[in-house]
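What follows is a short report on a single structure.
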Amino acid sequence: MPSPDSDSRPDKPPRRPRYAGKNPRQFHEKYKELQPQLYPDDVAKVLDSGKTPAGTHRPIMVREILQVLAPKPGDVAVDCTLGYGGHATELLTKVQPGGRLLAVDADPLELPKAEARLRGLGFPPESLVVQRMNYAGVAQLIAAESPGGADVLLADLGLSSMQIDDPRRGFTFKFSGPLDMRMNPGRGLSAADLLTKLDKSKLAAILTENADEPHAEALASAILQMHGREPLTTTEDLAEVVRGAVRRWSRGPETGDDTVRRVFQALRIAVNDEFGALESFLRQLPACLKPGGRAAILTFHSGEDRRVKQAFKEGLRSGVYSSISQDVTRATPTEQRFNPRSASAKLRFAVRAATAEQESAGGA
Ligand SMILES: C[S@@+](CC[C@H](N)C(=O)[O-])C[C@H]1O[C@@H](n2cnc3c(N)ncnc32)[C@H](O)[C@@H]1O
């Protein structure tokens with residue numbers, strides 16, 4: 001006999017279809033994050049609230065960078081770290097008419113989108129050259145495209161917000177994703193594979209050198225012990241091991257997030273050999289610039305800034321630079337409030353010395 005509330009009751013209203021959810025759960029199914037240019041109203045709303053709309057990147061210290069570089073019509077500008085193309089848009093606009101922008105980035109996933117955005121600005125196609133490459137090799141591109149060197153050059157180091165916000169890239173512990181961290185996912189070892197290759201002392205050195213991690217030894221032990229038992233393959237796996245280690249040594253209410261952030265930063269720098277690329281780039285930088293050409297570099301942590309400061313000082317001493325920034329420039333408090341990612345940014349600049357012949361030609 002059917003129960004009183006069974007479906008066989010003739011007067012029962014048909015069952016409503018199950019609520020499927022309005023927002024896609026998987027990042028790759030999201031449409032606004034992947035095509036923010038199609039949703040200008042949403043983007044404007046998020047910007048007004050002081051946040052970075054997902055799938056975009058807000059360029060940092062634009063005014064200060066333009067002041068230092070002073071790009072003008074006809075100039076050859078180089079953007080070594082194209083990212084979303086925010087700084088590049090400004091540079092490309094300022095060098096018109098007649099100028100060119102050479103723009104590079106290591107990231108094969110974001111680069112085509114940034115190039116499409118720049119081409120969409122409507123400047124002559126030949127005014128923009130875009131190439132996927134490590135900026136460690138940008139001197140070759142400049143030599144081929146502008147043998148005399150560049151008038152202005154920018155490097156805005158580190159990661160873009162799109163890379164950080166995309167869980168598939170594995171850069172952040174805030175989302176679950178593969179433990180990857182490669183700027184070019186088609187090259188080199190992922191963070192998970194790198195962990196397999198490292199011994200305790202090497203991992204501890206990475207944590208110390210790349211992120212000034214005070215508990216490097218203990219963390220390296222905890223991470224490699226767990227990785228040996230069961231490979232850490234996701235961002236969550238790694239974050240959990242680090243949090244567990246912090247819980248063991250801390251008695252306070254520490255969440256361990258600061259430690260997790262340092263571990264992720266250190267590994268990411270190692271995975272992408274960021275210091276190797278920066279050092280090689282800094283060695284070639286004078287040759288990338290025309291006499292009187294200007295370079296600006298935005299750094300985001302002490303390991304980067306130390307290297308830039310040192311290279312600029314040496315260049316000034318040896319005479320390849322005629323002037324360098326005396327101190328770092330920081331984002332204004334307003335910018336820091338509206339874009340927290342600008343809070344750690346430090347800007348330095350260097351100006352290539354004029355050659356002896358040009359000095360005498362100019363003075364004649
Ligand atoms: C902070 S973002 C640049 C944002 C950009 N200025 C803008 O306005 O959108 C840094 C970019 O540098 C790239 N990058 C980092 N290291 C690189 C390297 N060694 N060679 C080339 N690109 C690199 C990253 O892929 C990322 O897109």
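Naming scheme: A, B, ... for chains in displayed order of the structure tokens; residues 1 onward per chain; ligands 1 onward as shown.
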
Can you work out which residues are within 7 Å of ligand 1, considering only C-alpha atoms and all ligand atoms, and then hand them over as a compact mmCIF listing (two decimals) with N, CA and C atoms, in the first residue's frame?
# COMPACT_ATOMS: atom_id res chain seq x y z
N HIS A 57 45.08 42.17 -13.51
CA HIS A 57 46.20 42.57 -12.65
C HIS A 57 46.25 44.08 -12.66
N ARG A 58 46.35 44.68 -11.48
CA ARG A 58 46.45 46.14 -11.44
C ARG A 58 47.91 46.55 -11.45
N PRO A 59 48.32 47.33 -12.43
CA PRO A 59 49.73 47.73 -12.48
C PRO A 59 50.08 48.62 -11.28
N CYS A 80 59.78 43.87 -19.79
CA CYS A 80 60.37 42.53 -19.63
C CYS A 80 59.39 41.55 -18.98
N THR A 81 58.31 42.07 -18.40
CA THR A 81 57.38 41.23 -17.65
C THR A 81 55.96 41.70 -17.98
N LEU A 82 55.49 41.32 -19.13
CA LEU A 82 54.24 41.88 -19.67
C LEU A 82 53.03 41.67 -18.76
N GLY A 83 52.89 40.46 -18.18
CA GLY A 83 51.76 40.19 -17.27
C GLY A 83 50.43 40.46 -17.94
N TYR A 84 49.60 41.28 -17.32
CA TYR A 84 48.29 41.63 -17.87
C TYR A 84 48.42 42.70 -18.95
N GLY A 85 49.54 43.43 -18.88
CA GLY A 85 49.76 44.47 -19.89
C GLY A 85 49.39 45.87 -19.42
N GLY A 86 49.23 46.05 -18.12
CA GLY A 86 48.87 47.37 -17.59
C GLY A 86 49.96 48.41 -17.83
N HIS A 87 51.19 48.09 -17.40
CA HIS A 87 52.30 49.02 -17.64
C HIS A 87 52.55 49.15 -19.13
N ALA A 88 52.45 48.00 -19.83
CA ALA A 88 52.73 47.99 -21.27
C ALA A 88 51.79 48.93 -22.02
N VAL A 104 57.86 41.07 -23.37
CA VAL A 104 58.09 39.63 -23.21
C VAL A 104 57.52 39.16 -21.88
N ASP A 105 57.28 37.87 -21.81
CA ASP A 105 56.87 37.23 -20.57
C ASP A 105 57.14 35.74 -20.72
N ALA A 106 57.42 35.09 -19.58
CA ALA A 106 57.71 33.66 -19.62
C ALA A 106 56.44 32.81 -19.69
N ASP A 107 55.29 33.43 -19.41
CA ASP A 107 54.06 32.66 -19.21
C ASP A 107 53.30 32.44 -20.52
N MET A 133 59.36 34.62 -23.67
CA MET A 133 60.74 34.26 -23.35
C MET A 133 61.06 34.65 -21.92
N ASN A 134 62.13 34.08 -21.41
CA ASN A 134 62.64 34.46 -20.11
C ASN A 134 63.35 35.80 -20.28
N TYR A 135 63.10 36.76 -19.40
CA TYR A 135 63.73 38.07 -19.60
C TYR A 135 65.26 38.01 -19.42
N ALA A 136 65.74 36.86 -18.91
CA ALA A 136 67.20 36.70 -18.83
C ALA A 136 67.81 36.80 -20.22
N ASP A 156 58.94 44.31 -13.90
CA ASP A 156 58.04 44.31 -12.74
C ASP A 156 58.01 42.86 -12.28
N LEU A 157 58.85 42.55 -11.28
CA LEU A 157 59.17 41.14 -11.02
C LEU A 157 58.04 40.36 -10.33
N GLY A 158 58.24 39.07 -10.29
CA GLY A 158 57.33 38.21 -9.53
C GLY A 158 56.16 37.70 -10.34
N LEU A 159 55.02 37.60 -9.67
CA LEU A 159 53.85 36.97 -10.29
C LEU A 159 52.78 38.00 -10.58
N SER A 160 51.94 37.69 -11.57
CA SER A 160 50.77 38.53 -11.81
C SER A 160 49.63 38.01 -10.95
N MET A 183 56.05 29.24 -13.97
CA MET A 183 55.54 30.34 -14.80
C MET A 183 55.30 29.82 -16.21
N GLU A 274 64.29 32.15 -10.17
CA GLU A 274 64.04 33.59 -10.33
C GLU A 274 65.29 34.43 -10.07
N ALA A 277 67.67 34.14 -13.08
CA ALA A 277 67.20 34.96 -14.20
C ALA A 277 67.48 36.43 -13.92
N LEU A 278 67.22 36.87 -12.69
CA LEU A 278 67.41 38.29 -12.36
C LEU A 278 68.89 38.67 -12.45

Exercise. Extract, using only C-alpha atoms, all DNA, RNA and protein residues at most 10 Å from Leu118 in chain A, discarding same-chain residues fewer than 2 positions from it, and format them as a list in words.
Key: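 The filter keeps Tyr84, Gly85, Gly86, Ala88, Thr89, Leu92, Thr93, Pro112, Lys113, Ala114, Glu115, Ala116, Gly120, Leu121, Gly122, Phe123, Pro125, Leu128 and Val130 of chain A.
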
Please save N, CA and C atoms of the selected residues as a CSV table (one decimal), in the first residue's frame.
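Result file follows (part_10.csv):
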chain,number,residue,atom,x,y,z
A,84,TYR,N,49.6,41.3,-17.3
A,84,TYR,CA,48.3,41.6,-17.9
A,84,TYR,C,48.4,42.7,-18.9
A,85,GLY,N,49.5,43.4,-18.9
A,85,GLY,CA,49.8,44.5,-19.9
A,85,GLY,C,49.4,45.9,-19.4
A,86,GLY,N,49.2,46.1,-18.1
A,86,GLY,CA,48.9,47.4,-17.6
A,86,GLY,C,50.0,48.4,-17.8
A,88,ALA,N,52.5,48.0,-19.8
A,88,ALA,CA,52.7,48.0,-21.3
A,88,ALA,C,51.8,48.9,-22.0
A,89,THR,N,50.5,48.9,-21.6
A,89,THR,CA,49.5,49.8,-22.3
A,89,THR,C,50.0,51.3,-22.1
A,92,LEU,N,53.2,51.8,-24.3
A,92,LEU,CA,52.9,51.7,-25.8
A,92,LEU,C,52.2,53.1,-26.2
A,93,THR,N,51.3,53.5,-25.3
A,93,THR,CA,50.6,54.8,-25.6
A,93,THR,C,51.6,55.9,-25.7
A,112,PRO,N,49.3,35.3,-24.6
A,112,PRO,CA,48.4,35.6,-25.8
A,112,PRO,C,47.3,36.5,-25.5
A,113,LYS,N,46.8,36.4,-24.2
A,113,LYS,CA,45.6,37.2,-23.8
A,113,LYS,C,46.1,38.7,-23.7
A,114,ALA,N,47.3,38.8,-23.1
A,114,ALA,CA,47.8,40.2,-23.0
A,114,ALA,C,48.1,40.8,-24.3
A,115,GLU,N,48.7,40.0,-25.2
A,115,GLU,CA,49.0,40.5,-26.6
A,115,GLU,C,47.7,40.9,-27.3
A,116,ALA,N,46.6,40.1,-27.1
A,116,ALA,CA,45.4,40.5,-27.8
A,116,ALA,C,44.8,41.8,-27.2
A,120,GLY,N,44.4,45.2,-29.4
A,120,GLY,CA,43.1,45.8,-29.4
A,120,GLY,C,43.1,47.3,-29.2
A,121,LEU,N,44.2,47.8,-28.8
A,121,LEU,CA,44.3,49.3,-28.6
A,121,LEU,C,44.3,50.1,-29.9
A,122,GLY,N,44.7,49.3,-31.0
A,122,GLY,CA,44.6,49.9,-32.3
A,122,GLY,C,45.8,50.7,-32.8
A,123,PHE,N,46.9,50.5,-32.1
A,123,PHE,CA,48.2,51.1,-32.6
A,123,PHE,C,48.7,50.3,-33.8
A,125,PRO,N,50.4,47.7,-36.1
A,125,PRO,CA,50.8,46.4,-35.6
A,125,PRO,C,52.3,46.4,-35.4
A,128,LEU,N,54.3,47.0,-32.0
A,128,LEU,CA,54.3,46.1,-30.9
A,128,LEU,C,55.0,44.8,-31.3
A,130,VAL,N,55.8,41.1,-29.5
A,130,VAL,CA,55.6,40.3,-28.3
A,130,VAL,C,56.2,39.0,-28.4

Self-check item: strand (DSSP E or B) positions in range 24-165 of chain A, given as number ranges by chain
Solution: A: 76-79, 100-105, 128-132, 150-156

Please write the residues from the selection above to a file, keeping N, CA and C atoms, as a PDB file, in the first residue's frame.
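Dumped everything to again.pdb:
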ATOM      1  N   VAL A  76      61.936  53.538 -28.200  1.00  0.00           N
ATOM      2  CA  VAL A  76      61.816  52.073 -28.120  1.00  0.00           C
ATOM      3  C   VAL A  76      61.711  51.730 -26.643  1.00  0.00           C
ATOM      4  N   ALA A  77      60.571  51.139 -26.270  1.00  0.00           N
ATOM      5  CA  ALA A  77      60.354  50.745 -24.871  1.00  0.00           C
ATOM      6  C   ALA A  77      60.372  49.229 -24.776  1.00  0.00           C
ATOM      7  N   VAL A  78      60.823  48.732 -23.624  1.00  0.00           N
ATOM      8  CA  VAL A  78      60.826  47.279 -23.407  1.00  0.00           C
ATOM      9  C   VAL A  78      60.095  46.989 -22.112  1.00  0.00           C
ATOM     10  N   ASP A  79      59.140  46.069 -22.167  1.00  0.00           N
ATOM     11  CA  ASP A  79      58.511  45.574 -20.947  1.00  0.00           C
ATOM     12  C   ASP A  79      58.942  44.120 -20.797  1.00  0.00           C
ATOM     13  N   ARG A 100      58.028  52.096 -30.454  1.00  0.00           N
ATOM     14  CA  ARG A 100      57.717  50.666 -30.429  1.00  0.00           C
ATOM     15  C   ARG A 100      57.824  50.132 -29.010  1.00  0.00           C
ATOM     16  N   LEU A 101      57.060  49.089 -28.776  1.00  0.00           N
ATOM     17  CA  LEU A 101      57.169  48.389 -27.497  1.00  0.00           C
ATOM     18  C   LEU A 101      57.561  46.942 -27.766  1.00  0.00           C
ATOM     19  N   LEU A 102      58.646  46.508 -27.132  1.00  0.00           N
ATOM     20  CA  LEU A 102      59.004  45.090 -27.162  1.00  0.00           C
ATOM     21  C   LEU A 102      58.568  44.520 -25.822  1.00  0.00           C
ATOM     22  N   ALA A 103      57.701  43.527 -25.868  1.00  0.00           N
ATOM     23  CA  ALA A 103      57.145  43.012 -24.614  1.00  0.00           C
ATOM     24  C   ALA A 103      57.360  41.516 -24.518  1.00  0.00           C
ATOM     25  N   VAL A 104      57.861  41.072 -23.369  1.00  0.00           N
ATOM     26  CA  VAL A 104      58.095  39.634 -23.206  1.00  0.00           C
ATOM     27  C   VAL A 104      57.519  39.158 -21.876  1.00  0.00           C
ATOM     28  N   ASP A 105      57.278  37.873 -21.812  1.00  0.00           N
ATOM     29  CA  ASP A 105      56.865  37.229 -20.565  1.00  0.00           C
ATOM     30  C   ASP A 105      57.141  35.739 -20.719  1.00  0.00           C
ATOM     31  N   LEU A 128      54.324  47.008 -31.995  1.00  0.00           N
ATOM     32  CA  LEU A 128      54.335  46.067 -30.873  1.00  0.00           C
ATOM     33  C   LEU A 128      54.972  44.752 -31.278  1.00  0.00           C
ATOM     34  N   VAL A 129      55.989  44.350 -30.512  1.00  0.00           N
ATOM     35  CA  VAL A 129      56.601  43.030 -30.715  1.00  0.00           C
ATOM     36  C   VAL A 129      56.418  42.274 -29.402  1.00  0.00           C
ATOM     37  N   VAL A 130      55.784  41.111 -29.482  1.00  0.00           N
ATOM     38  CA  VAL A 130      55.552  40.331 -28.263  1.00  0.00           C
ATOM     39  C   VAL A 130      56.245  38.988 -28.408  1.00  0.00           C
ATOM     40  N   GLN A 131      56.968  38.594 -27.393  1.00  0.00           N
ATOM     41  CA  GLN A 131      57.645  37.293 -27.479  1.00  0.00           C
ATOM     42  C   GLN A 131      57.604  36.578 -26.139  1.00  0.00           C
ATOM     43  N   ARG A 132      57.281  35.277 -26.189  1.00  0.00           N
ATOM     44  CA  ARG A 132      57.358  34.499 -24.957  1.00  0.00           C
ATOM     45  C   ARG A 132      58.801  34.115 -24.726  1.00  0.00           C
ATOM     46  N   ALA A 150      67.509  50.101 -26.061  1.00  0.00           N
ATOM     47  CA  ALA A 150      66.183  50.644 -25.738  1.00  0.00           C
ATOM     48  C   ALA A 150      66.315  52.011 -25.078  1.00  0.00           C
ATOM     49  N   ASP A 151      65.283  52.831 -25.269  1.00  0.00           N
ATOM     50  CA  ASP A 151      65.245  54.118 -24.568  1.00  0.00           C
ATOM     51  C   ASP A 151      64.769  53.933 -23.136  1.00  0.00           C
ATOM     52  N   VAL A 152      63.760  53.074 -22.993  1.00  0.00           N
ATOM     53  CA  VAL A 152      63.239  52.832 -21.648  1.00  0.00           C
ATOM     54  C   VAL A 152      62.947  51.347 -21.487  1.00  0.00           C
ATOM     55  N   LEU A 153      63.130  50.872 -20.276  1.00  0.00           N
ATOM     56  CA  LEU A 153      62.927  49.433 -20.018  1.00  0.00           C
ATOM     57  C   LEU A 153      62.355  49.261 -18.612  1.00  0.00           C
ATOM     58  N   LEU A 154      61.367  48.371 -18.537  1.00  0.00           N
ATOM     59  CA  LEU A 154      60.730  48.099 -17.238  1.00  0.00           C
ATOM     60  C   LEU A 154      60.769  46.608 -16.939  1.00  0.00           C
ATOM     61  N   ALA A 155      61.062  46.265 -15.694  1.00  0.00           N
ATOM     62  CA  ALA A 155      60.880  44.885 -15.220  1.00  0.00           C
ATOM     63  C   ALA A 155      60.098  44.967 -13.914  1.00  0.00           C
ATOM     64  N   ASP A 156      58.944  44.315 -13.899  1.00  0.00           N
ATOM     65  CA  ASP A 156      58.043  44.313 -12.738  1.00  0.00           C
ATOM     66  C   ASP A 156      58.013  42.857 -12.281  1.00  0.00           C
TER      67      ASP A 156
END

Write out as an mmCIF file with C-alpha atoms, in the first residue's frame all residues of range 18-149 of chain A that backbone DSSP assigns to alpha helix (DSSP H).
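Final output, result.cif:
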data_model
loop_
_atom_site.group_PDB
_atom_site.id
_atom_site.type_symbol
_atom_site.label_atom_id
_atom_site.label_comp_id
_atom_site.auth_asym_id
_atom_site.auth_seq_id
_atom_site.Cartn_x
_atom_site.Cartn_y
_atom_site.Cartn_z
ATOM 1 C CA PRO A 40 33.536 45.957 -17.633
ATOM 2 C CA ASP A 41 30.748 46.795 -15.129
ATOM 3 C CA ASP A 42 31.693 43.933 -12.817
ATOM 4 C CA VAL A 43 35.361 44.823 -13.142
ATOM 5 C CA ALA A 44 34.605 48.480 -12.283
ATOM 6 C CA LYS A 45 32.559 47.437 -9.223
ATOM 7 C CA VAL A 46 35.346 45.241 -7.879
ATOM 8 C CA LEU A 47 37.942 47.964 -8.531
ATOM 9 C CA ASP A 48 35.785 50.495 -6.655
ATOM 10 C CA VAL A 62 52.334 53.569 -12.746
ATOM 11 C CA ARG A 63 52.766 57.303 -12.124
ATOM 12 C CA GLU A 64 56.139 56.844 -10.427
ATOM 13 C CA ILE A 65 57.395 54.527 -13.181
ATOM 14 C CA LEU A 66 56.364 56.915 -15.948
ATOM 15 C CA GLN A 67 58.071 59.759 -14.092
ATOM 16 C CA VAL A 68 61.335 57.798 -13.897
ATOM 17 C CA LEU A 69 61.254 56.383 -17.430
ATOM 18 C CA GLY A 86 48.866 47.371 -17.592
ATOM 19 C CA HIS A 87 52.295 49.022 -17.636
ATOM 20 C CA ALA A 88 52.733 47.992 -21.274
ATOM 21 C CA THR A 89 49.542 49.832 -22.256
ATOM 22 C CA GLU A 90 50.931 53.036 -20.732
ATOM 23 C CA LEU A 91 54.341 52.607 -22.359
ATOM 24 C CA LEU A 92 52.921 51.747 -25.775
ATOM 25 C CA THR A 93 50.624 54.759 -25.639
ATOM 26 C CA LYS A 94 53.373 57.156 -24.568
ATOM 27 C CA LEU A 111 50.850 36.065 -22.842
ATOM 28 C CA PRO A 112 48.448 35.588 -25.807
ATOM 29 C CA LYS A 113 45.627 37.222 -23.837
ATOM 30 C CA ALA A 114 47.830 40.201 -22.950
ATOM 31 C CA GLU A 115 48.981 40.513 -26.563
ATOM 32 C CA ALA A 116 45.358 40.488 -27.790
ATOM 33 C CA ARG A 117 44.491 43.252 -25.314
ATOM 34 C CA LEU A 118 47.436 45.389 -26.489
ATOM 35 C CA ARG A 119 46.687 44.805 -30.171
ATOM 36 C CA VAL A 138 65.880 39.905 -23.453
ATOM 37 C CA ALA A 139 69.222 41.397 -24.589
ATOM 38 C CA GLN A 140 69.079 39.151 -27.673
ATOM 39 C CA LEU A 141 65.602 40.334 -28.600
ATOM 40 C CA ILE A 142 66.647 43.962 -28.164
ATOM 41 C CA ALA A 143 69.796 43.415 -30.230
ATOM 42 C CA ALA A 144 67.683 41.939 -33.039
ATOM 43 C CA GLU A 145 64.849 44.483 -32.942
#

Quiz item: Which polymer residues have any atom within 6 Å of an atom of range 230-236 of chain A, counting only C-alpha atoms, with same-chain residues fewer than 5 positions away left out, as a PyMOL selection string?
Solution: chain A and resi 173+176-179+192

For the residues in the current selection, export C-alpha atoms as an mmCIF file, in the first residue's frame.
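The result, written out as out.cif:
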data_model
loop_
_atom_site.group_PDB
_atom_site.id
_atom_site.type_symbol
_atom_site.label_atom_id
_atom_site.label_comp_id
_atom_site.auth_asym_id
_atom_site.auth_seq_id
_atom_site.Cartn_x
_atom_site.Cartn_y
_atom_site.Cartn_z
ATOM 1 C CA PHE A 173 47.895 28.011 -0.627
ATOM 2 C CA SER A 176 43.507 23.823 -3.722
ATOM 3 C CA GLY A 177 45.516 23.028 -6.823
ATOM 4 C CA PRO A 178 48.412 20.983 -8.145
ATOM 5 C CA LEU A 179 51.771 21.723 -6.506
ATOM 6 C CA ALA A 192 56.209 18.656 -6.352
#

Exercise. Show which residues sit within 12 Å of Gly186 in chain A, as an MDAnalysis selection string. Count only C-alpha atoms, and ignore same-chain residues fewer than 6 positions away.
Key: chainID A and resid 106:109 169 180 272

Quiz item: Which neighbours of Ala350 in chain A fall inside 12 Å, counting only C-alpha atoms, when residues of the same chain fewer than 3 positions from it are skipped, and could you give them as a ChimeraX atom specification?
Solution: /A:65,68-69,151-154,282,285-286,289,291-297,308-316,319-328,347,353

Self-check item: Shell of 10 Å around Arg330 in chain A, only C-alpha atoms, local chain residues under 2 positions omitted, as a VMD selection string
Solution: chain A and resid 60 to 61 64 298 327 to 328 332 to 333 335 to 336 342 to 348

Write out, as a compact mmCIF listing (two decimals), in the first residue's frame, the residues just selected, with C-alpha atoms.
# COMPACT_ATOMS: atom_id res chain seq x y z
CA ILE A 60 51.68 49.10 -9.53
CA MET A 61 53.22 52.59 -9.19
CA GLU A 64 56.14 56.84 -10.43
CA LEU A 298 59.92 46.85 -9.31
CA ASP A 327 66.77 55.05 -2.34
CA VAL A 328 63.72 52.94 -3.13
CA THR A 332 51.74 55.81 -1.79
CA PRO A 333 49.62 54.94 1.26
CA GLU A 335 47.76 52.92 -3.51
CA GLN A 336 48.70 50.49 -0.76
CA SER A 342 51.58 47.14 -3.88
CA ALA A 343 52.55 47.30 -0.20
CA SER A 344 55.76 45.32 -0.60
CA ALA A 345 56.79 46.89 -3.93
CA LYS A 346 60.08 48.79 -4.19
CA LEU A 347 61.05 50.79 -7.25
CA ARG A 348 64.65 51.48 -8.32

Quiz item: Separation of CA of Ala216 in chain A and CA of Ala204 in chain A, in Å?
Solution: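 Separation of CA of Ala216 in chain A and CA of Ala204 in chain A: 4.8 Å.
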